[in-house]
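Participant: Okay, handing you the structure first.
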Amino acid sequence: MTGDADRRSADDAAEADSLVDVRGVTVGYGSDPVLSGVSLSVERDELVGLVGPNGAGKTTLLKAINGVLDPDEGRVLVDGDDVHDLSSRAASRRVATVPQDTTVAFEFPVEAVVEMGRTPYHGRVRRDPDAAEAVERALDRTETTRFRDRTVGSLSGGERQRVVLARALAQGTPALVLDEPTASLDINHQVRTLALVRELTREGRGALAAIHDLDLAARFCDRIAVLADGTLQAVGPPETVLTGERVAAAFDTAAAVVPSPVTGTPTVTPLSDASADADSGVPVGEGESKRPGPLVESDPCVHVAGTGQTAARAVAALSAAGATVTAGVFPAEGLAAGVAREHGVDPVVAPPFAPLDAEAEASAREQLGGADVAVLAGRAPPSVRALVRDHDAVVRVTDPEAGTDPGGDASTVATASPATVVETVARVEGSRLPADD
Amino acid sequence: MGTGTETETAEAGVLPGGLRSTTARAVAWSAGLGVVLVVVVFASAAIGPVSLSLPVVAKASLNAVAIPAGVSLTAATVGLGDATTTLPVPDLSYTYPFAFQVDGTAETIVRRVRLPRIALGVVVGFALASAGTVMQGFFRNPMADPSIVGVSSGAAVGAVATIALSVSLPFGIQGAAFIGALVAAFAVYLIATEDRRTPVATLLLAGVAVQTFLGAVVSYLLLRAGESVEQALYWLMGRLHTATWTDVEATLPVAAVCFAVLLAHTRDLNVLLLGEEDAHTLGIEVERTKRVLLAVSSIVTAAAVAVAGVIGFVGLVVPHMLRLVVGPDHRVLLPTSAIAGGAFLVATDTLARAGPAELPVGIVTAALGAPFFLYLLVTREVHSL
């Protein structure tokens, strides 16, 4: 590719290392830009995940990279050359695309569709000599060989998606852009598809994939790029980019981000209305001035036990309201434990679905002993319920989704919203104080 | 470039399996349909007011087979009104490889009367079916036919204006129709093109609007046509009975060249079926390819319509029938549709002239084609490309 090297300007050569180099791209349809000033690079050997809410411009960015859309400002370099200066034939030898919409009404056999990936190598008359082998390899790697003779129309959505991936593979390009490659796949094929894409990058390709599922993105991508409001919010390894705060800002919903107990990569759980509740606090009593944390003044020590989202939300709400929170016993590596750590609480944890060991039981008992109020949130194993039941001021929070009462015969039952948790805790705590004095 | 190994390790000279079978399928189907075409041609040449035996027809037809041997320029005098001028006109000389002994009357009937008409039917059917196949793929619309971009209505205006206003043009009604067709198609293209992009949906709508407008022009011209209205109506209905070898000579090269160009774009047409954005990412220069396909199919349609008038449904129905048989791959579909189109038009024209009163062939193709298309539609055989 010496010819290409010659054509590079000195400016380009300085950053020619990156396979895909998006530089300050402003692009859109018509006069309103969808994206403004986006810069992003994709290296060889790298899978970059593009995440962001619907309408953030993920597809638009991919179309600017594969040459379908011309940027209003900025440049997109692929392998050192501006992709919009290349013929579409030359560009399609560098970037292959797995489009989002693969439901086209046509009755071509699978093999013929995969063979279309060789289009940029065919002459008007002369045929591409490598086509057969490239097609075989692409069919093989995407596990589509067995339906090579079936028509695309007769396949399921997931199979069709793999055929389109095979077509992109047959293109034999150094760069791949994928628009929601796992959108119509079952969990098995989601994982296998992304594993394949990652494997392809390990062979020297670079890939940029728009992925809706943040957990999958975190698990398979080397880096994550967060796109929201038409700009790039953050780029980096999943652990640093996917934080609760950033996800909340980008997707406009509160979320808990904790490492997956299985893969160790971040998993994201949206927390319904938790953030709104935590921000606004509880409605304060008449005549009282509005304060950010209704529990700041009394600063009660509250111990939260339980599991899942309910416990996580209780921890988040109480700690936002100003209480000193201790927590446990939580399932190790679970959502509740993760959220507790995000709020600076070191929870007592135990392996889920296992008998409570003596050490954890002792720590939890000690923390409960120091707590003014105990909160039992969501389901909890009998051993944990028994522990909490010994406390003299217990608030039970039922799991709003499952509707299950955590059980126990404690004093108060608060439901659903974390706001009522705070309110109830305040009431229980207030009624308890005189007794102590 | 360490990443190029994918494409570089393959052994040179290995033909893709899919390609081999595609080419083989195209050749096999074309050969089979070619046989059908020859049978239809001979049968048609035998049918008529004077019944001729097949051996006589075969011999006379083979005697008519001509191979161009050379080109010379001759001076032709053309007149426009009072002014006449002399133009050099290319004149082909032919050699005839066959010389069977055939009865003189029979030979005259076959060579002078029936064969020009049959040959023109083959060429026009071939041209219309080729253009129809390409237009349906191009527009990704099963209702597209060669006249969709206004070619036929443009030709109609050119032809009817010449007839109705009794203009004597050096290039005749055919020339006026041909020019009218191309002007209309180009106008539709210009209207639909903005910022060097031509969305097919816009093209389709512009085509419909222009067709409607030109239809109004034709109607007005017919009102003004006076005694020549019958000739104009015959032209509009599509007819082959005025066919001459000159018509064949003029149309055949255009059809052959256009067909070759379209055939070279069949792979691109396949990829375009995936949608324009996908086609772009697969290396198709979408707008340029669309321009070529549009221009070439308009020219081939214009050439056919100019000599035969508006013959409907050949370009619509024949590609659909063949798609049911050979599948959507244009590398097979285009040549087979073209040959089948030739056979179809000759067969329907034979019907048109076999009855007690001769009908314009356009009536027969529409009368047979429309119900057949509806049958395909109702049985859900045709619902997409």
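Just remember, in the structure tokens the first chain shown is A, the second B, etc., residues are 1-based per chain, and ligands are 1-based in the order shown.
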Apply DSSP to the structure's backbone, then extract all residues of range 146-345 of chain A labelled helix (DSSP H, G or I) and return them as JSON, numbers by chain.
Facilitator: {"A": [146, 147, 152, 153, 154, 157, 158, 159, 160, 161, 162, 163, 164, 165, 166, 167, 168, 169, 170, 187, 188, 189, 190, 191, 192, 193, 194, 195, 196, 197, 198, 199, 200, 201, 202, 214, 215, 216, 217, 218, 219, 220, 238, 239, 240, 241, 244, 245, 246, 247, 248, 249, 250, 251, 274, 275, 276, 277, 278, 279, 280, 308, 309, 310, 311, 312, 313, 314, 315, 316, 317, 318, 319, 320, 321, 335, 336, 337, 338, 339, 340, 341, 342]}
Participant: Taking only C-alpha atoms into account, find every residue of chain A that has an atom no more than 9 Å from chain B, and write it out as a ChimeraX atom specification.
Facilitator: /A:1,63,66-68,87-93,95-99,102,104-108,111-113,115-121,124-125,127-135,168,170-174,203-205
Participant: Quick one: pick out all strand (DSSP E or B) residues within range 39-280 of chain B from a backbone DSSP run and write them as JSON, numbers by chain.
Facilitator: {"B": [67, 68, 69, 70, 71, 72, 73, 74, 75, 76, 77, 78, 79, 80, 83, 84, 85, 86, 87, 88, 89, 90, 91, 92, 93, 94, 95, 194, 197]}
Participant: So how many Å separate CA of Leu376 in chain B and CA of Leu333 in chain B, to one decimal?
Facilitator: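 Atom-to-atom, CA of Leu376 in chain B and CA of Leu333 in chain B are spaced 17.8 Å apart.
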Participant: May I ask which of the residues A:Thr324, A:Thr269, A:Thr193, A:Thr240 is the closest one to Ser298 in chain A, counting only C-alpha atoms?
Facilitator: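 Nearest candidate to Ser298 in chain A out of A:Thr324, A:Thr269, A:Thr193, A:Thr240: A:Thr324.
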Participant: Residues at most 8 Å from Thr201 in chain A, counting only C-alpha atoms, excluding those fewer than 6 positions away in the same chain, as a count of residues only?
Facilitator: 5
Participant: Set the distance at 10 Å and use only C-alpha atoms: which residues neighbour range 353-356 of chain B once local chain neighbours fewer than 6 positions away are removed? I'd like the list as a PyMOL selection string.
Facilitator: chain B and resi 44+47-49+240-241
Participant: So how far away is CA of Val78 in chain A from CA of Leu19 in chain A, in Å?
Facilitator: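 Computing it gives 5.6 Å between the two atoms.
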Participant: How many Å lie between CA of Thr348 in chain B and CA of Val218 in chain B, rounded to one decimal?
Facilitator: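 Going from CA of Thr348 in chain B over to CA of Val218 in chain B covers 26.2 Å.
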Participant: So that I can see what lies close to range 28-30 of chain A, please list as JSON, numbers by chain the residues with an atom at most 10 Å from it, counting only C-alpha atoms and leaving out residues fewer than 5 positions away in the same chain.
Facilitator: {"A": [35, 36, 57, 60, 61, 63, 64, 69, 70, 71, 72, 230]}
Participant: Which polymer residues have any atom within 8 Å of an atom of Val226 in chain A, counting only C-alpha atoms, with same-chain residues fewer than 4 positions away left out, as a list in words?
Facilitator: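 Final neighbour list, sorted by chain and number: Leu50, Val51, Gly52, Leu232, Gln233, Ala234, Val235, Val241 and Ala250 of chain A.
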Participant: For Val304 in chain A, list every protein, DNA or RNA residue within 8 Å, evaluated using only C-alpha atoms, and leave out those in the same chain fewer than 5 positions away; present the list as a VMD selection string.
Facilitator: chain A and resid 311 314 to 315 325 to 328 374 to 377
Participant: Out of B:Val38, B:Ala177, B:Leu377, B:Val332, which residue has the shortest atom-to-atom distance to Leu236 in chain B when counting only C-alpha atoms?
Facilitator: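 Once distances to Leu236 in chain B are computed over only C-alpha atoms, the minimum belongs to B:Ala177.
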